[in-house]
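So this one's upload-v7.txt, compact mmCIF, C-alpha atoms:
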# COMPACT_ATOMS: atom_id res chain seq x y z
CA MET A 1 -95.44 -140.23 216.14
CA ASN A 2 -93.75 -143.34 217.57
CA PHE A 3 -93.46 -144.23 221.23
CA PHE A 4 -89.72 -143.45 221.44
CA SER A 5 -90.15 -139.91 220.08
CA LEU A 6 -92.96 -139.18 222.54
CA PHE A 7 -90.93 -140.65 225.40
CA LYS A 8 -87.91 -138.49 224.49
CA ARG A 9 -89.99 -135.31 224.31
CA ASN A 10 -91.71 -136.08 227.61
CA LEU A 11 -88.33 -136.71 229.25
CA ILE A 12 -86.97 -133.37 228.01
CA TYR A 13 -90.08 -131.68 229.42
CA LYS A 14 -89.58 -133.27 232.83
CA LEU A 15 -85.90 -132.27 233.00
CA LYS A 16 -86.39 -128.76 231.65
CA LYS A 17 -86.34 -125.86 234.12
CA LYS A 18 -89.64 -123.97 234.04
CA ILE A 19 -90.98 -120.61 235.19
CA ASN A 20 -93.11 -121.07 238.29
CA ILE A 21 -96.03 -118.73 237.62
CA ASP A 22 -97.55 -119.51 241.02
CA LEU A 23 -94.87 -117.19 242.41
CA GLN A 24 -96.01 -114.33 240.18
CA ASP A 25 -98.43 -112.53 242.50
CA ASN A 26 -98.50 -108.99 241.11
CA ILE A 27 -99.62 -109.59 237.53
CA ASP A 28 -102.41 -107.41 236.17
CA ASN A 29 -105.21 -109.83 235.32
CA SER A 30 -107.86 -107.19 234.66
CA SER A 31 -107.96 -108.19 231.00
CA LEU A 32 -107.12 -111.34 229.12
CA ASP A 33 -105.26 -109.38 226.46
CA LYS A 34 -102.85 -108.01 229.09
CA LEU A 35 -102.17 -111.57 230.19
CA PHE A 36 -101.81 -112.85 226.63
CA LYS A 37 -99.32 -110.04 226.00
CA PHE A 38 -97.44 -110.64 229.27
CA TYR A 39 -96.93 -114.32 228.51
CA ASN A 40 -96.35 -113.57 224.81
CA THR A 41 -98.97 -115.77 223.18
CA ASP A 42 -100.10 -114.99 219.64
CA LYS A 43 -103.67 -114.77 220.95
CA ALA A 44 -102.85 -111.19 222.07
CA ASN A 45 -103.36 -108.07 219.99
CA LEU A 46 -99.60 -107.39 220.01
CA VAL A 47 -96.77 -109.81 220.76
CA ASP A 48 -92.95 -109.85 220.85
CA ASN A 49 -92.69 -106.65 222.92
CA GLU A 50 -95.52 -105.09 220.91
CA THR A 51 -93.55 -105.31 217.66
CA LYS A 52 -95.78 -107.88 215.98
CA GLN A 53 -99.52 -108.14 215.47
CA GLY A 54 -101.17 -111.11 217.13
CA HIS A 55 -104.52 -112.73 216.43
CA GLY A 56 -106.42 -110.47 218.82
CA PHE A 57 -108.62 -113.22 220.25
CA ALA A 58 -108.78 -111.89 223.82
CA LYS A 59 -111.95 -109.84 223.36
CA PHE A 60 -113.80 -112.84 221.95
CA TYR A 61 -112.71 -115.06 224.83
CA GLU A 62 -113.75 -112.44 227.37
CA LYS A 63 -117.11 -111.84 225.67
CA ASN A 64 -118.10 -115.50 225.78
CA LEU A 65 -116.27 -116.86 228.81
CA ASN A 66 -116.52 -114.15 231.47
CA GLN A 67 -119.34 -116.14 233.06
CA PHE A 68 -116.69 -118.61 234.23
CA LYS A 69 -114.37 -116.05 235.83
CA ASP A 70 -115.97 -116.14 239.27
CA LYS A 71 -117.11 -119.75 239.17
CA LYS A 72 -115.80 -121.76 242.12
CA GLU A 73 -114.12 -124.38 239.95
CA ILE A 74 -113.76 -124.78 236.21
CA ASN A 75 -111.98 -127.34 234.07
CA ILE A 76 -110.28 -126.26 230.87
CA LEU A 77 -108.81 -128.54 228.24
CA GLU A 78 -106.33 -127.04 225.80
CA ILE A 79 -105.40 -129.09 222.73
CA GLY A 80 -102.13 -127.70 221.40
CA SER A 81 -100.25 -125.72 224.04
CA PHE A 82 -96.77 -125.18 222.57
CA SER A 83 -94.84 -123.18 225.23
CA GLY A 84 -97.78 -123.04 227.63
CA ALA A 85 -98.15 -119.26 227.30
CA SER A 86 -101.91 -119.27 226.77
CA ALA A 87 -102.41 -121.82 229.55
CA ALA A 88 -100.45 -119.53 231.90
CA ALA A 89 -102.62 -116.57 230.87
CA PHE A 90 -105.85 -118.51 231.34
CA SER A 91 -104.73 -119.70 234.78
CA LYS A 92 -104.23 -116.09 235.90
CA TYR A 93 -107.53 -114.93 234.43
CA PHE A 94 -109.62 -117.87 235.66
CA LEU A 95 -108.25 -118.11 239.18
CA ASN A 96 -110.33 -121.16 240.10
CA SER A 97 -109.41 -123.17 237.02
CA GLN A 98 -107.70 -126.48 236.51
CA ILE A 99 -106.10 -126.51 233.06
CA TYR A 100 -105.23 -129.70 231.20
CA CYS A 101 -102.81 -129.28 228.31
CA LEU A 102 -102.36 -131.78 225.49
CA ASP A 103 -99.52 -131.41 223.04
CA ILE A 104 -97.56 -133.87 220.97
CA ASN A 105 -94.34 -131.94 221.70
CA ILE A 106 -94.25 -130.70 225.29
CA ARG A 107 -90.50 -130.09 225.28
CA ASN A 108 -91.35 -126.49 224.32
CA PHE A 109 -93.42 -126.01 227.49
CA LYS A 110 -91.75 -123.45 229.76
CA PHE A 111 -94.25 -122.63 232.51
CA TYR A 112 -95.19 -124.42 235.71
CA SER A 113 -98.27 -124.12 237.91
CA LYS A 114 -99.91 -126.54 240.28
CA ARG A 115 -103.13 -125.83 238.36
CA ILE A 116 -101.68 -126.59 234.92
CA HIS A 117 -101.41 -130.29 234.07
CA VAL A 118 -99.36 -131.14 230.99
CA PHE A 119 -99.58 -134.32 228.92
CA GLY A 120 -97.40 -135.19 225.94
CA MET A 121 -99.94 -137.04 223.81
CA ASP A 122 -101.46 -137.10 220.35
CA SER A 123 -105.03 -135.79 220.55
CA SER A 124 -105.96 -137.61 217.34
CA ASN A 125 -105.15 -140.97 218.92
CA TYR A 126 -108.29 -142.47 220.50
CA LYS A 127 -106.34 -144.86 222.72
CA MET A 128 -104.08 -142.10 224.03
CA MET A 129 -107.03 -139.85 224.77
CA THR A 130 -108.78 -142.61 226.71
CA THR A 131 -105.55 -143.14 228.65
CA PHE A 132 -105.36 -139.39 229.31
CA LEU A 133 -108.89 -139.27 230.73
CA ASN A 134 -108.15 -142.22 232.98
CA LYS A 135 -104.90 -140.59 234.16
CA ILE A 136 -106.71 -137.50 235.37
CA ASN A 137 -109.46 -139.63 236.93
CA PHE A 138 -111.90 -137.84 234.66
CA PHE A 139 -114.86 -140.18 234.96
CA LYS A 140 -114.90 -140.19 238.77
CA LYS A 141 -113.52 -136.78 239.69
CA ILE A 142 -114.03 -134.28 236.85
CA ASN A 143 -116.86 -135.60 234.65
CA THR A 144 -116.98 -132.62 232.26
CA PHE A 145 -114.86 -129.79 230.89
CA ASP A 146 -116.30 -126.28 230.98
CA ILE A 147 -114.08 -125.10 228.14
CA ILE A 148 -112.25 -127.03 225.43
CA ILE A 149 -109.90 -125.13 223.12
CA ASP A 150 -108.49 -126.76 219.99
CA ASP A 151 -105.38 -124.84 218.95
CA GLY A 152 -103.54 -127.92 217.78
CA SER A 153 -102.19 -128.89 214.39
CA HIS A 154 -105.04 -127.18 212.44
CA ILE A 155 -105.05 -130.26 210.19
CA LEU A 156 -108.65 -131.05 209.28
CA SER A 157 -108.58 -134.71 210.28
CA ASP A 158 -107.08 -133.81 213.67
CA GLN A 159 -109.77 -131.18 214.27
CA LEU A 160 -112.55 -133.62 213.39
CA LEU A 161 -111.08 -136.45 215.45
CA ALA A 162 -110.73 -134.19 218.49
CA LEU A 163 -114.28 -132.87 218.10
CA ASN A 164 -115.62 -136.39 217.70
CA PHE A 165 -113.88 -137.58 220.85
CA PHE A 166 -114.24 -134.60 223.18
CA TYR A 167 -117.52 -132.84 222.33
CA LYS A 168 -119.53 -135.20 224.51
CA PHE A 169 -117.42 -134.23 227.51
CA ILE A 170 -118.39 -130.54 227.50
CA GLY A 171 -120.56 -129.64 230.46
CA LYS A 172 -123.81 -127.70 230.51
CA SER A 173 -123.37 -124.15 229.15
CA GLY A 174 -119.78 -125.03 228.24
CA PHE A 175 -117.85 -124.13 225.11
CA TYR A 176 -115.96 -126.01 222.43
CA ILE A 177 -113.61 -123.56 220.70
CA VAL A 178 -111.53 -124.01 217.55
CA GLU A 179 -108.84 -121.46 216.75
CA ASP A 180 -107.66 -120.76 213.20
CA TYR A 181 -110.34 -123.07 211.83
CA LYS A 182 -110.18 -121.48 208.38
CA LEU A 183 -106.44 -121.98 207.90
CA LEU A 184 -107.14 -124.85 205.51
CA ASP A 185 -108.45 -122.19 203.08
CA HIS A 186 -104.92 -120.77 203.01
CA PHE A 187 -102.77 -123.90 203.27
CA ASN A 188 -103.79 -126.87 201.12
CA HIS A 189 -101.80 -129.41 203.13
CA LEU A 190 -104.08 -128.86 206.13
CA LYS A 191 -107.06 -130.28 204.25
CA ASP A 192 -105.72 -133.82 204.41
CA VAL A 193 -109.07 -135.61 204.12
CA ASN A 194 -112.12 -135.27 201.93
CA ASP A 195 -114.54 -134.49 204.74
CA ILE A 196 -116.62 -131.71 206.19
CA SER A 197 -114.73 -128.67 207.50
CA ILE A 198 -115.41 -127.01 210.85
CA GLU A 199 -116.87 -124.03 208.98
CA GLU A 200 -119.20 -126.25 206.94
CA LEU A 201 -120.21 -128.16 210.05
CA ALA A 202 -121.09 -124.92 211.82
CA ASN A 203 -123.17 -123.72 208.88
CA ASN A 204 -125.09 -126.99 208.76
CA VAL A 205 -125.79 -126.98 212.49
CA ARG A 206 -126.90 -123.36 212.36
CA ASP A 207 -129.19 -124.08 209.40
CA LYS A 208 -130.37 -127.38 210.94
CA LYS A 209 -129.19 -129.14 207.81
CA ALA A 210 -128.32 -132.83 208.09
CA PHE A 211 -124.82 -133.91 207.13
CA THR A 212 -122.54 -136.93 207.29
CA SER A 213 -118.86 -137.35 208.00
CA LYS A 214 -116.34 -140.13 207.62
CA ILE A 215 -114.68 -139.09 210.90
CA ILE A 216 -117.41 -137.64 213.10
CA SER A 217 -119.80 -140.34 214.27
CA ASP A 218 -123.57 -140.16 213.94
CA ASP A 219 -123.79 -140.09 217.75
CA THR A 220 -121.57 -137.00 217.91
CA ILE A 221 -123.46 -135.29 215.09
CA ASN A 222 -126.78 -135.94 216.87
CA ASN A 223 -125.25 -134.68 220.12
CA ILE A 224 -124.18 -131.44 218.46
CA PHE A 225 -127.60 -130.87 216.89
CA GLN A 226 -129.49 -131.65 220.09
CA ASN A 227 -127.27 -129.73 222.49
CA ASN A 228 -126.03 -126.76 220.49
CA LYS A 229 -127.20 -123.44 221.93
CA ASN A 230 -125.25 -120.94 219.83
CA ILE A 231 -122.34 -120.72 217.44
CA TYR A 232 -120.18 -117.59 217.40
CA GLU A 233 -117.65 -116.94 214.63
CA TYR A 234 -115.14 -114.09 214.80
CA LYS A 235 -112.46 -112.55 212.60
CA GLY A 236 -109.32 -111.50 214.45
CA ASN A 237 -106.58 -109.06 213.47
CA THR A 238 -105.13 -110.79 210.44
CA GLU A 239 -106.36 -112.47 207.29
CA LYS A 240 -105.66 -115.83 208.90
CA SER A 241 -107.11 -115.04 212.35
CA ASP A 242 -110.43 -116.87 212.79
CA ILE A 243 -112.00 -118.40 215.87
CA ILE A 244 -115.29 -120.21 216.46
CA PHE A 245 -117.17 -120.90 219.71
CA PHE A 246 -119.73 -123.70 219.98
CA GLU A 247 -121.88 -123.04 223.04
CA LYS A 248 -123.64 -126.00 224.58
CA LYS A 249 -127.10 -125.85 226.14

The structure given in the file should be rewritten as structure tokens.
Amino acid sequence: MNFFSLFKRNLIYKLKKKINIDLQDNIDNSSLDKLFKFYNTDKANLVDNETKQGHGFAKFYEKNLNQFKDKKEINILEIGSFSGASAAAFSKYFLNSQIYCLDINIRNFKFYSKRIHVFGMDSSNYKMMTTFLNKINFFKKINTFDIIIDDGSHILSDQLLALNFFYKFIGKSGFYIVEDYKLLDHFNHLKDVNDISIEELANNVRDKKAFTSKIISDDTINNIFQNNKNIYEYKGNTEKSDIIFFEKK
């Protein structure tokens, strides 16, 4: 993605009229699935006016992340936001959250909230990610993310690059989550590098089995082994609905 294309997409995002969800005061936030359905993200059980089956990830998010619901302040990073529907849902469920959205094409983003911060950047680009962290004053103000969700390209190299860069920034008892991490079993083009998959990485960490990677550094691998508390893998509603949660100590 060249600079001009990113600039054009970011400009369209800035000029585009958005739905101000801060004005939506009467939304039922008793369950994450209701919010996923309301904002029409495929994370819901049913989407498109309940005519289409979604991934059904809400129950897994609630099971693992409810501890953050009443926390005074949490920081969420979402890699791959598309229209911003899931970010809108998370902002209504986690009322004390600040949500940072990274997407290479933010012209599709249609929601606005003072607690949702949108950045049109490539999460596989180390320089851009360093710039992003500096833009949000991460090292002085935020320090760690409580939750990181990778729902980006689903391309293996992108998943590994994001994990390598961001895992160290998860706070104590935080979660690194990868959606649709088994899609490369269904679509060959997603396995663009000869390297360890997220599923294989999880199995090795769980079994305390050493491994190497061309993309994930030894420092990151050691960090994962030393700080991993639990790994939770779930099957959603469809054959291609898989989600994994890495819980940090």

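Of the residues listed (A:Ser157, A:Asn40, A:Asn222, A:Ser241), A:Ser157 shows the shortest atom-to-atom separation from A:Val193; distances use all atoms listed in the file.
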
Counting only C-alpha atoms, the residue of A:Tyr126, A:Phe82, A:Phe111, A:Phe36 that sits nearest A:Tyr61 | A:Phe36

Mind checking which residues fall within 12 Å of A:Phe187, counting all atoms listed in the file, ignoring those fewer than 3 positions away in the same chain, and posting them as a list in words?
-> His154, Ile155, Leu156, Asp180, Tyr181, Lys182, Leu183, Leu184, Leu190, Lys191, Asp192 and Lys240 of chain A

With C-alpha atoms retained, write the just-selected residues as a short mmCIF file (atom, residue, chain, number, x, y, z; two decimals), in the coordinates of the input.
data_model
loop_
_atom_site.label_atom_id
_atom_site.label_comp_id
_atom_site.auth_asym_id
_atom_site.auth_seq_id
_atom_site.Cartn_x
_atom_site.Cartn_y
_atom_site.Cartn_z
CA HIS A 154 -105.04 -127.18 212.44
CA ILE A 155 -105.05 -130.26 210.19
CA LEU A 156 -108.65 -131.05 209.28
CA ASP A 180 -107.66 -120.76 213.20
CA TYR A 181 -110.34 -123.07 211.83
CA LYS A 182 -110.18 -121.48 208.38
CA LEU A 183 -106.44 -121.98 207.90
CA LEU A 184 -107.14 -124.85 205.51
CA LEU A 190 -104.08 -128.86 206.13
CA LYS A 191 -107.06 -130.28 204.25
CA ASP A 192 -105.72 -133.82 204.41
CA LYS A 240 -105.66 -115.83 208.90
#

Leaving out A:Ala87 and any residue of its chain fewer than 5 positions from it, which residues lie within 8 Å of it when counting all atoms listed in the file, given as a PyMOL selection string?
-> chain A and resi 78+81+99+101+116

Just give me the gap between atom CA of A:Asn49 and atom CA of A:Ser86 in Å, one decimal is fine.
-> 16.1 Å

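Nearest-residue note for A:Lys14: choosing from A:Thr51, A:Asn108, A:Ser153, A:Asn75, the minimum distance belongs to A:Asn108, counting all atoms listed in the file.
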
A:Phe57 environment, 9 Å, all atoms listed in the file, sequence neighbours closer than 4 positions dropped, as number ranges by chain = A: 33, 42-45, 61-62, 179, 234-237, 241-243

Atom pair atom CA of A:Asp122 + atom CA of A:Ile231, distance 26.7 Å

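Taking only C-alpha atoms into account, A:Asn223 lies nearest to A:Asn164 out of the set A:Ser91, A:Asn164, A:Ser97, A:Asn137.
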
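Computed from the coordinates, the atom CA of A:Ile76 to atom CA of A:Asp146 distance equals 6.0 Å.
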
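Of the listed residues (A:Thr212, A:Asn228, A:Ser5, A:Ser31), A:Asn228 comes nearest to A:Phe245; the distances count only C-alpha atoms.
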
Write out as an MDAnalysis selection string each polymer residue whose atoms come within 7 Å of A:Ile106, counting only C-alpha atoms; drop sequence neighbours fewer than 5 positions from it.
-> chainID A and resid 9:10 13 82 120

Would you kindly return, as a list in words, each protein, DNA or RNA residue with an atom no farther than 10 Å from any atom of A:Lys69, considering all atoms listed in the file and excluding same-chain residues fewer than 2 positions away?
-> Glu62, Leu65, Asn66, Gln67, Lys71, Lys72, Glu73, Ile74, Phe90, Tyr93, Phe94, Leu95, Asn96 and Ser97 of chain A

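The smallest atom-to-atom distance between A:Met128 and any of A:Asn203, A:Leu102, A:Thr144, A:Asp70, using only C-alpha atoms, is found for A:Leu102.
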